[in-house]
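**Student:** Quick one: this structure, given as structure tokens, is what I'll be asking you about.
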Amino acid sequence: MNVSIIDQLKKKKILSLLKDGQRVDGRAFDEPRPLVVDTGVIPKAEGSARIRLGDTEVVTGVKIQPDKPFPDLGDRGIFICTAEILPLADPNAEPGPPNEDVIELARVVDRGIRESSMIDLTKLVLQKDKSVVGLFVDNSVTDYDGNLFDACSYASVASIMSCKIPKWEMVNDVPTLVDGQVSDPPITTIPVSVTMGKIGDYVIVDPNADEWSCMDARITITTNSNGNICAIQKGGDDGFTLEQLLKCSQISIATGAKIREILKKVSGS
Amino acid sequence: MNVSIIDQLKKKKILSLLKDGQRVDGRAFDEPRPLVVDTGVIPKAEGSARIRLGDTEVVTGVKIQPDKPFPDLGDRGIFICTAEILPLADPNAEPGPPNEDVIELARVVDRGIRESSMIDLTKLVLQKDKSVVGLFVDNSVTDYDGNLFDACSYASVASIMSCKIPKWEMVNDVPTLVDGQVSDPPITTIPVSVTMGKIGDYVIVDPNADEWSCMDARITITTNSNGNICAIQKGGDDGFTLEQLLKCSQISIATGAKIREILKKVSGS
Amino acid sequence: MNVSIIDQLKKKKILSLLKDGQRVDGRAFDEPRPLVVDTGVIPKAEGSARIRLGDTEVVTGVKIQPDKPFPDLGDRGIFICTAEILPLADPNAEPGPPNEDVIELARVVDRGIRESSMIDLTKLVLQKDKSVVGLFVDNSVTDYDGNLFDACSYASVASIMSCKIPKWEMVNDVPTLVDGQVSDPPITTIPVSVTMGKIGDYVIVDPNADEWSCMDARITITTNSNGNICAIQKGGDDGFTLEQLLKCSQISIATGAKIREILKKVSGS
Amino acid sequence: MGVKKSDIVLLDDKGLRCDGRKIDQPRRIMIKAGVLKNANGSAYIEFGENKILAGVFGPRDVHPKHLANTDRGILRCRYHMQPFSVSERKNPAPSRREIEISKVIKEALEPAVMLENFPRTVVDIFIEILQADGGSRCAALDAAAVALADAGIPMRDMVSACAAGKVADTIVLDINNEEDQEGQADMPVAYMPNLEKITLIQLDGVLTPQEYEKCVNTAISGCKLVYEIQKKALRDKFFGDESQ
Amino acid sequence: MGVKKSDIVLLDDKGLRCDGRKIDQPRRIMIKAGVLKNANGSAYIEFGENKILAGVFGPRDVHPKHLANTDRGILRCRYHMQPFSVSERKNPAPSRREIEISKVIKEALEPAVMLENFPRTVVDIFIEILQADGGSRCAALDAAAVALADAGIPMRDMVSACAAGKVADTIVLDINNEEDQEGQADMPVAYMPNLEKITLIQLDGVLTPQEYEKCVNTAISGCKLVYEIQKKALRDKFFGDESQ
Amino acid sequence: MGVKKSDIVLLDDKGLRCDGRKIDQPRRIMIKAGVLKNANGSAYIEFGENKILAGVFGPRDVHPKHLANTDRGILRCRYHMQPFSVSERKNPAPSRREIEISKVIKEALEPAVMLENFPRTVVDIFIEILQADGGSRCAALDAAAVALADAGIPMRDMVSACAAGKVADTIVLDINNEEDQEGQADMPVAYMPNLEKITLIQLDGVLTPQEYEKCVNTAISGCKLVYEIQKKALRDKFFGDESQ
């Protein structure tokens, strides 16, 4: 919990660069790091992706299984999204149950996809109130260099876009796999999250680990294919002015559009 | 675990007062603190109460839901009583799983009500062996000033007396709510616990926090509306003489009768 | 985690004795400690045994209950074996969830019995895919003097050999006890584990607590009634040469045969 | 948002909402400061059907000690729901939702607390939801901020929270439970009214950029209404309730 | 008490109970001290169908250290049931019932142990129920007290425990399993026989004030019987079993 | 072993196995060293359908400190499966199987690591199974050993692991998933190729003494093949991939 002297010096350095309009790694303020996406990396999973956002790396798998629907939601399939920072990703990560940061990470990634209605869950019902298809999207961070919100979000979206849904038929009230028949997931929009950090009064897109460790506040804004805003999460121990908030929404729409093109290419859609 | 010097001085003071026939707050040895009871404080719960016993405050809610009966107990409803000391109630309380003191508290409160047969559980069966009505009584201590046994017991009894039981009918083997129909709970007796502390050889009723922290032993005796004894729990690191035990039972019957009148008034019965 | 000076001296002493062909308690290198077996010590359990292997003591009970079969294993009964070092067995044992040593212990004991096919689980099916008989074998170590692998293994085998299986019949799809009818368990072979420790380059059978605390590596080899090998587990922070491994297998067959005779006598088979 | 569709009319032809409110009208809000004896500071809020208790302890020693910060105090927050606070009895163990809300509330309050004034110590905020309704995180925040002030913790501003949202294609103030279930978007916002900074903002549901701007402004106007009620609660505690 | 009603005759017309005992007759009790090699003190008891092992370690260092008390030693107690000790296999994790019983047993033994003689240390009592029957907490207490004495822990008195109860409208000594299930009241009591103090008393079931007094006295008479058996177990351990 | 019987032909009349391999032929093995940025050493292995990542941190300070050893470093190992690594989604909490495998892998690597060179410190090995196939513990060990070397941890030998087993009454090298399910025995072995010591051996399934000897020898021959691939991975990392 102690802010080390090294961290203080780092923040000083980063701030003085920002005053000159520069970032530590030479990017523009509104420029995300290069995004590299590979899908199908875990053939045994129904969908998968490994993405690198700068030096942050995430491997994500989608498992698809029949399940009971949630009570009162018998007319839609199940979508659950988790996140874990593997201990080999970061010398400070610890194995064990997730801490509040990781719980927030998983919930924000889940919400961005869920609130955009990316997956039409009404198409994933095998028998109303009895049996539905469940999509379980597990994000595993394998290398840490900041901004896990966007990295896990892009890995989740890419692995969902590339997944194949097996076919089950109800036989004697039991969902039974129909071998060899798969379908594309019912995708309605492509949600893209864009996370911005505030250091002093400067707002920067896609903070790397050095920037992440010294930022005062952050905001993650998720937009859909129409350029509308579908989820927001503010974090960190400082606030935003109204003006900053409006600027962030504009950045998230513009940057989100570029990232969406990369994600679209990957899945060939 | 260390008995602080302040605690030792406090005990000395309390003992010397007791020798003069006095308690720290001026009460008689067999005099409980004022009991204030409000019911219906949580309208969304089927029953609820907030009680103050001196400066000890408890909020209790009763949730009533259909449930599966316990195995071998298919002909009776379910009654479960819990207790939690909320961390805002006491600077020393800690959030997290209950420690042995809180487990004992919950079990003693539960047992006093259960062993008195206060609620006629045979009246809470929807379909024998399949579906019964469950009453879940959750006690939350919001302010601590000693003697949680009685405070939680009174709050539980008041919230049960004031609860309304929704009506369910079995439709296709599924318990189905009949909107707008409720009934009074099937109450057979009003159990009242009276907790006494022993400091030196003095026995005092309803110890407050100062007395609680320095007492040598305690006993909780629960009596029913007939003035019979239906549950006992001794605690603390010292013993009672037979004579003391018999005196305690007399106190519990007399004091219990007074408390019972207060509880009866509240629910209008 | 610190190797104490006393432990170092102990190891020195033990090693110098081994060089002279001697063990601390006078046994030959390939000689296990005396094994004493009592069965039926817990009459309420369907099978039970208390065994002493030297000064290591284990009490084991077998509970037998109908259960649902594992998915994809609907044509066989359930066998589950656990182990716990009770805190009264050892000043260093701690109550609470099992650590990695105890988890390995339980899994090795379980595997030795399971891989030998000692119990013909196909004989324990009440209704295919619906209801089977489950054997739960719980080993409780009550006194510790080394080599829990073999002690728990012998106690498990003896309690299984001595158990009586109640009879259940399916009535309306529910397994229903047929009072007073029991049968012997369907036993196909008697697996016997033999654990050997390596101290320096000496291999000794059935290490006691002193030997256990200073050995460099260990191996547990389980053989069946035919003298074949059915399970192996190597442990400890050193390796074995191929020659040592082959010698260990010979010892385990020879010693296992002697132990098997003791176990056979106990159950009268 | 909008998972279930029912027959409820979220906005009628007179511009009234399902509970009779106008689009810019908050629910009934009542705050009382100093309601607990043991806590160093406390507050009770009723916000619509929400009934919430907040208690503050500290600044006090940190346990375990290695969590202490030599430069400044630390703030901890626990948002916790009573088992009887919701329709279906809730398991008392903290859910992932409660852990996340605890975190965002802490981060919304932290900019207002002068933690630099009490290094090596901790201020603990405990929030107990006695009865839950739509907007419980905003109501909890409002109570917690009053409890901090009641405890005499030095603050550079109050923090006031209120949600706005989208219902029947209209931006409205202070979403209730039905509107949360049936509506199109819910945006809780916390605001420091004098420093004019937004310290919490979340969004579930879809908004156009224009709706987004309107929604933030609507929420801020709600925060300002809440601020007056918070000030009155503290005045009533310290100078007596003038209305009585 | 009295949840299930069956055909069992709890008290027949000759005044005999369902297991043939008279109303003031305890079940068979056998105690053996010093049965474990590693524990500092130990005892094994068979009390009716109860089979229970108790082991004591200490006085020894306390871990974690902050639990130590500079004025006096501390006593810890764990009452734990084996998975195979009851009809339906029990989950080995400690239940709330086991945690409560551990606590009341510790508090029943504490008055007898001269903890003031060994500050900063702990005495640990571990009780393992190998086979459970009615009255297991009393039997466990009896074994634990003998194990403490066997460990040489300084004690100011023995602690002896036995239950009494109400069955077929009659106060009887030492309730068995069937009587616990079908009877009207169960009252476990622990007693220091020389100091004449009751250190444990619990009651489940309904008693009139007169029955209450009789029940306590009956239980104390049982404790005195147990005391003789405890003394014999320690004599047999330290001076040899004279009966052999 | 051999729980389910299906129609699969484990060994055909040409001496080929169900995946077309000869009895002494391992599956495809690919190892890459130095694949992670944050870890001090790392490796990625594909061994049949296994896809496994290993990362090493240390030597570094031990937390909590009381675990540190004043004489020598300590080695810790976690073997962990991703939820998506197997057919049925796996609960991410470590299973008892994973805890046991973590322990045997640690004990298989420990003889090779010169822990006496760095007292009071710890080396942590984290193994993540991205996709699981038969023989994942051997593949995990192979990757972990390369990751240790990549981290520059002083080692007195490499550790190379490969299983052998019995299928259709024949001893074969490197059991795959189907052979593990349908075959007669599986014996994972880890070997220090220069010191000629076996540091891991387990067996599930029945072997005669003669088969046992043959099986160990077959597994060791597989370990020697793996050793060459491990060396190449480290050469490629430190001196460049000559094949490219």
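Going through the structure tokens in order, the chains are called A, B, and so on, while each chain numbers its residues from 1 and the ligands are numbered from 1 in the order shown.
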Do a neighbour search on Ala231 in chain B at 7 Å with only C-alpha atoms, toss out local chain neighbours closer than 5 positions, and write the hits as a list in words.
**Tutor:**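 These residues fall inside the cut-off: Gly112, Glu115, Ile221 and Thr222 of chain B; Leu203, Asp204 and Gly205 of chain E.
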**Student:** Taking only C-alpha atoms into account, produce a table as a tab-separated table in which each residue of chain F with an atom at most 8 Å from an atom of chain C appears once, together with its shortest atom pair and the distance in Å to one decimal, ordered by chain and rising number.
**Tutor:**
residue	atom	partner	partner_atom	distance
F:Met1	CA	C:Glu115	CA	7.0
F:Leu67	CA	C:Met1	CA	5.9
F:Ala68	CA	C:Met1	CA	6.9
F:Asn69	CA	C:Asn2	CA	5.1
F:Thr70	CA	C:Asn2	CA	6.8
F:Asp71	CA	C:Asn2	CA	7.5
F:Arg96	CA	C:Ile103	CA	6.5
F:Ile99	CA	C:Glu100	CA	6.3
F:Glu100	CA	C:Glu104	CA	5.5
F:Lys103	CA	C:Glu100	CA	7.1
F:Val104	CA	C:Gly235	CA	6.6
F:Glu107	CA	C:Asp237	CA	4.9
F:Ala108	CA	C:Asp237	CA	7.0
F:Glu110	CA	C:Asp237	CA	5.6
F:Pro111	CA	C:Asp238	CA	5.0
F:Glu196	CA	C:Thr241	CA	6.6
F:Lys197	CA	C:Thr241	CA	4.8
F:Ile198	CA	C:Gly239	CA	5.0
F:Thr199	CA	C:Gly239	CA	4.1
F:Leu200	CA	C:Lys234	CA	5.9
F:Ile201	CA	C:Lys234	CA	5.4
F:Gln202	CA	C:Gln233	CA	4.6
F:Leu203	CA	C:Ile232	CA	4.6
F:Asp204	CA	C:Ala231	CA	5.1
F:Gly205	CA	C:Cys230	CA	5.1
F:Val206	CA	C:Cys230	CA	4.2
F:Leu207	CA	C:Ile229	CA	5.2
F:Thr208	CA	C:Asn228	CA	4.7
F:Pro209	CA	C:Asn228	CA	6.3
F:Tyr212	CA	C:Ile229	CA	7.6
F:Glu213	CA	C:Leu246	CA	6.9
**Student:** Output N, CA and C atoms for every residue in the selection just made, as a short mmCIF file (atom, residue, chain, number, x, y, z; two decimals), in the first residue's frame.
**Tutor:**
data_model
loop_
_atom_site.label_atom_id
_atom_site.label_comp_id
_atom_site.auth_asym_id
_atom_site.auth_seq_id
_atom_site.Cartn_x
_atom_site.Cartn_y
_atom_site.Cartn_z
N MET F 1 -7.47 -47.10 -14.62
CA MET F 1 -7.24 -47.56 -15.98
C MET F 1 -8.37 -48.48 -16.41
N LEU F 67 8.31 -18.99 6.44
CA LEU F 67 8.49 -20.14 5.57
C LEU F 67 9.93 -20.24 5.05
N ALA F 68 10.70 -19.15 5.17
CA ALA F 68 12.05 -19.15 4.61
C ALA F 68 12.95 -20.13 5.37
N ASN F 69 13.96 -20.61 4.66
CA ASN F 69 14.88 -21.58 5.20
C ASN F 69 16.27 -20.96 5.21
N THR F 70 16.91 -20.97 6.37
CA THR F 70 18.20 -20.28 6.47
C THR F 70 19.31 -21.04 5.76
N ASP F 71 19.12 -22.34 5.50
CA ASP F 71 20.17 -23.15 4.90
C ASP F 71 20.13 -23.16 3.37
N ARG F 96 -8.12 -31.45 -5.73
CA ARG F 96 -7.15 -32.28 -5.02
C ARG F 96 -6.16 -32.90 -5.99
N ILE F 99 -3.53 -30.34 -6.71
CA ILE F 99 -2.63 -30.14 -5.56
C ILE F 99 -1.61 -31.28 -5.50
N GLU F 100 -2.06 -32.51 -5.73
CA GLU F 100 -1.12 -33.63 -5.70
C GLU F 100 -0.10 -33.51 -6.84
N LYS F 103 2.60 -31.12 -6.17
CA LYS F 103 3.59 -31.64 -5.20
C LYS F 103 4.57 -32.59 -5.88
N VAL F 104 4.08 -33.52 -6.69
CA VAL F 104 5.01 -34.48 -7.29
C VAL F 104 5.91 -33.81 -8.32
N GLU F 107 8.66 -32.10 -6.36
CA GLU F 107 9.64 -33.07 -5.85
C GLU F 107 10.47 -33.69 -6.97
N ALA F 108 9.93 -33.68 -8.20
CA ALA F 108 10.69 -34.20 -9.33
C ALA F 108 11.74 -33.20 -9.80
N GLU F 110 13.10 -30.73 -7.72
CA GLU F 110 13.96 -30.30 -6.62
C GLU F 110 15.37 -30.91 -6.67
N PRO F 111 15.53 -32.20 -7.02
CA PRO F 111 16.89 -32.76 -7.03
C PRO F 111 17.80 -32.05 -8.04
N GLU F 196 21.34 -39.69 -14.24
CA GLU F 196 20.70 -41.00 -14.37
C GLU F 196 19.87 -41.36 -13.13
N LYS F 197 19.06 -40.41 -12.71
CA LYS F 197 18.20 -40.67 -11.56
C LYS F 197 16.75 -40.42 -11.94
N ILE F 198 15.88 -41.29 -11.46
CA ILE F 198 14.44 -41.13 -11.68
C ILE F 198 13.90 -40.26 -10.54
N THR F 199 13.31 -39.11 -10.87
CA THR F 199 12.85 -38.18 -9.83
C THR F 199 11.32 -38.16 -9.72
N LEU F 200 10.65 -38.77 -10.68
CA LEU F 200 9.20 -38.97 -10.54
C LEU F 200 8.87 -40.32 -11.14
N ILE F 201 8.09 -41.09 -10.41
CA ILE F 201 7.49 -42.29 -11.01
C ILE F 201 6.17 -42.54 -10.30
N GLN F 202 5.15 -42.73 -11.11
CA GLN F 202 3.84 -43.10 -10.60
C GLN F 202 3.35 -44.23 -11.48
N LEU F 203 2.37 -44.97 -11.00
CA LEU F 203 1.78 -46.02 -11.83
C LEU F 203 0.32 -46.16 -11.46
N ASP F 204 -0.51 -46.17 -12.47
CA ASP F 204 -1.92 -46.57 -12.33
C ASP F 204 -2.13 -47.74 -13.28
N GLY F 205 -2.55 -48.88 -12.76
CA GLY F 205 -2.79 -50.04 -13.62
C GLY F 205 -1.87 -51.17 -13.23
N VAL F 206 -2.14 -52.34 -13.75
CA VAL F 206 -1.47 -53.55 -13.28
C VAL F 206 -0.38 -53.98 -14.26
N LEU F 207 0.83 -54.27 -13.70
CA LEU F 207 1.96 -54.77 -14.49
C LEU F 207 2.59 -55.95 -13.76
N THR F 208 3.03 -56.93 -14.55
CA THR F 208 3.85 -57.98 -13.93
C THR F 208 5.22 -57.39 -13.64
N PRO F 209 6.01 -58.05 -12.80
CA PRO F 209 7.36 -57.53 -12.52
C PRO F 209 8.16 -57.34 -13.80
N TYR F 212 6.92 -54.33 -15.60
CA TYR F 212 7.33 -53.15 -14.85
C TYR F 212 8.72 -52.69 -15.28
N GLU F 213 9.67 -53.65 -15.35
CA GLU F 213 11.03 -53.30 -15.72
C GLU F 213 11.08 -52.73 -17.14
#
**Student:** Considering only C-alpha atoms, can you say which of D:Arg156, D:Ile129, D:His66, D:Arg120 comes closest to chain F?
**Tutor:**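 Nearest to chain F: D:His66.
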**Student:** Might you pull out every residue within 10 Å of range 62-64 of chain E, with only C-alpha atoms counted and same-chain residues fewer than 4 positions away left off, and present them as an NGL selection string?
**Tutor:** :E and (58 or 68-69 or 73-74 or 120-124)
**Student:** Quote the spacing between CA of Phe118 in chain D and CA of Pro59 in chain D in Å to one decimal place.
**Tutor:** 7.1 Å
**Student:** Please list as a PyMOL selection string every residue within 7 Å of range 162-165 of chain E, counting only C-alpha atoms and excluding residues in the same chain fewer than 3 positions away.
**Tutor:** chain E and resi 135+138+171-175+185-190+215+218-219+222-223
**Student:** Applying 8 Å and only C-alpha atoms, which residues near range 194-205 of chain C remain after dropping the ones on its own chain fewer than 2 positions away? List them as a ChimeraX atom specification.
**Tutor:** /C:15,18,29-32,147,149-150,192,207,211-212,214-222,244,248,252,255-256
**Student:** Residues of range 7-248 of chain A in strand (DSSP E) according to DSSP, as a ChimeraX atom specification?
**Tutor:** /A:35-39,47-53,56-67,78-85,125-127,131-143,165-171,174-183,192-199,202-205,217-223,229-235
**Student:** So how far away is CA of Asn177 in chain F from CA of Leu11 in chain F, in Å?
**Tutor:**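 Going from CA of Leu11 in chain F over to CA of Asn177 in chain F, I get 14.5 Å.
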**Student:** Using only C-alpha atoms, which residues sit within 10 Å of range 46-57 of chain C once same-chain residues fewer than 5 positions away are excluded, as number ranges by chain?
**Tutor:** C: 32-41, 62-65, 89, 135-148, 150-152, 154-166, 182, 206, 208-209; E: 36-38, 84, 87
